[in-house]
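Structure first, commentary second.
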Amino acid sequence: MARSRQAKALMREAFEVRLKKSKAVIVAEYLGISAVEMSELRDQLRSAECELRIVKNRVAKKVLEAESSDEMVALKDNLVGPASVVHMYGDVASGAKKLLDFSKKNEALKIKTGIFDGKLIDIDEIKKIASLPPKEVLLGQIAGSLVAPHRNLLYVLKGVSEKLVRCISEVQKQK
């Protein structure tokens, strides 16, 4: 059944909005995945502030062609066959991890490529991003490394004063 021009225009506008709002975009082929499995994947991605959308290739290609960057134009070459697009709005590492975990369990999902930080990335780079710890853990590590020198200085100064007090008390006991 053919869609009207108005429906395609609405689809195009919605895809543009999602594309501009996304921190990263990953294209995956979903041929052979059941509706139940797809729903499960969507739920998992939603918990990571990601959204999986099945796109009409022709509509998505028109949007990507209109973009000025070479990466967007290169991304349209991967929109062949049954393509889904994962829009990542939150922590990209956790979204990529959930997508890769699902693709390991269900080999029918084939991750093709994506765009992160304005550049085209392949499956190996997506795996590297997925191996990163979550944003909260990284922030905790940074905070810990900023506090560590001050904490160590405090322990050293505390130790010196304690030793001085012990020494004075021993001298007092001897006299």
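Residues are referred to by chain and number: the chain letter is A, B, ... according to the order shown in the structure tokens, the number counts from 1 in that chain, and ligands are numbered separately from 1 in the order shown.
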
Select from range 80-147 of chain A everything DSSP, run on the backbone, classes as strand (DSSP E), then give the selection as a ChimeraX atom specification. /A:83-88,110-116,119-121

Written selection (N, CA and C atoms) as a short mmCIF file (atom, residue, chain, number, x, y, z; two decimals), in the first residue's frame:
```
data_model
loop_
_atom_site.label_atom_id
_atom_site.label_comp_id
_atom_site.auth_asym_id
_atom_site.auth_seq_id
_atom_site.Cartn_x
_atom_site.Cartn_y
_atom_site.Cartn_z
N ALA A 83 16.14 -1.92 7.39
CA ALA A 83 17.04 -1.18 8.27
C ALA A 83 16.28 -0.55 9.43
N SER A 84 16.90 -0.62 10.59
CA SER A 84 16.38 0.08 11.75
C SER A 84 17.43 1.07 12.20
N VAL A 85 16.98 2.15 12.81
CA VAL A 85 17.89 3.17 13.29
C VAL A 85 17.69 3.32 14.79
N VAL A 86 18.80 3.27 15.52
CA VAL A 86 18.76 3.46 16.97
C VAL A 86 19.25 4.87 17.25
N HIS A 87 18.36 5.69 17.81
CA HIS A 87 18.71 7.05 18.19
C HIS A 87 19.09 7.03 19.66
N MET A 88 20.28 7.51 19.98
CA MET A 88 20.76 7.51 21.37
C MET A 88 20.74 8.93 21.90
N LYS A 110 21.89 -7.44 12.88
CA LYS A 110 23.25 -7.18 12.40
C LYS A 110 23.50 -5.68 12.45
N ILE A 111 24.42 -5.29 13.31
CA ILE A 111 24.78 -3.88 13.43
C ILE A 111 25.70 -3.53 12.29
N LYS A 112 25.35 -2.49 11.56
CA LYS A 112 26.12 -2.11 10.38
C LYS A 112 27.11 -1.00 10.68
N THR A 113 26.61 0.17 11.01
CA THR A 113 27.45 1.34 11.20
C THR A 113 26.70 2.37 12.04
N GLY A 114 27.31 3.49 12.25
CA GLY A 114 26.65 4.54 13.00
C GLY A 114 27.39 5.85 12.90
N ILE A 115 26.84 6.84 13.58
CA ILE A 115 27.49 8.14 13.66
C ILE A 115 27.56 8.51 15.13
N PHE A 116 28.76 8.85 15.57
CA PHE A 116 28.98 9.29 16.95
C PHE A 116 29.93 10.46 16.92
N LYS A 119 31.21 11.73 13.50
CA LYS A 119 31.99 10.93 12.55
C LYS A 119 31.39 9.55 12.39
N LEU A 120 31.62 8.98 11.23
CA LEU A 120 31.11 7.65 10.89
C LEU A 120 31.91 6.60 11.65
N ILE A 121 31.22 5.67 12.30
CA ILE A 121 31.91 4.62 13.06
C ILE A 121 31.45 3.26 12.55
#
```

Using the chain letters and numbers from this document, which residues of chain A does DSSP assign to alpha helix (DSSP H), as an MDAnalysis selection string? chainID A and resid 5:21 35:46 57:66 70:76 92:105 123:131 135:174

Which value, in Å to one decimal, gives the distance between CA of Ala35 in chain A and CA of Phe15 in chain A?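 According to the coordinates, CA of Ala35 in chain A and CA of Phe15 in chain A are separated by 21.7 Å.
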
Can you pull out every residue within 7 Å of Asp91 in chain A, counting only C-alpha atoms, but drop anything in the same chain fewer than 2 positions away, and send it as a list in words? Ala48, Tyr89, Ala93, Ser94, Gly95 and Lys135 of chain A

Store the residues of this selection in a file with C-alpha atoms, as an mmCIF file, in the first residue's frame.
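For reference, again03.cif as written:
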```cif
data_model
loop_
_atom_site.group_PDB
_atom_site.id
_atom_site.type_symbol
_atom_site.label_atom_id
_atom_site.label_comp_id
_atom_site.auth_asym_id
_atom_site.auth_seq_id
_atom_site.Cartn_x
_atom_site.Cartn_y
_atom_site.Cartn_z
ATOM 1 C CA ALA A 48 19.133 3.490 28.287
ATOM 2 C CA TYR A 89 19.725 10.497 23.447
ATOM 3 C CA ALA A 93 28.013 3.686 25.957
ATOM 4 C CA SER A 94 25.121 2.047 27.803
ATOM 5 C CA GLY A 95 22.899 2.180 24.708
ATOM 6 C CA LYS A 135 28.792 7.963 32.550
#
```

Taking 4 positions as the minimum chain separation for residues in the same chain, which residues sit within 10 Å of Asn106 in chain A when counting only C-alpha atoms? Answer as a ChimeraX atom specification. /A:30,32-33,37,100-102,110

Name all residues at most 12 Å from Lys61 in chain A (count only C-alpha atoms; drop same-chain ones fewer than 4 positions away) and give them as a list in words.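 So, after excluding close chain neighbours, the residues are Met11, Arg12, Phe15, Glu16, Val55, Lys56, Asn57, Glu65, Ala66, Glu67, Met72, Val73, Ala74, Leu75, Lys76, Asp77, Asn78, Leu79, Val80 and Ala83 of chain A.
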
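Between Glu13 in chain A and the residues A:Val25, A:Ile123, A:Val63, A:Leu154, the shortest atom-to-atom distance, using only C-alpha atoms, involves A:Val63.
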
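Counting only C-alpha atoms, the residue from A:Ile54, A:Ala7, A:Ala60, A:Ile126 that sits nearest to Lys98 in chain A is A:Ile126.
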
Using only C-alpha atoms, which residue out of A:Arg5, A:Arg166, A:Arg53, A:Lys105 lies closest to Arg18 in chain A?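 Of the candidates, the smallest distance to Arg18 in chain A is held by A:Arg53.
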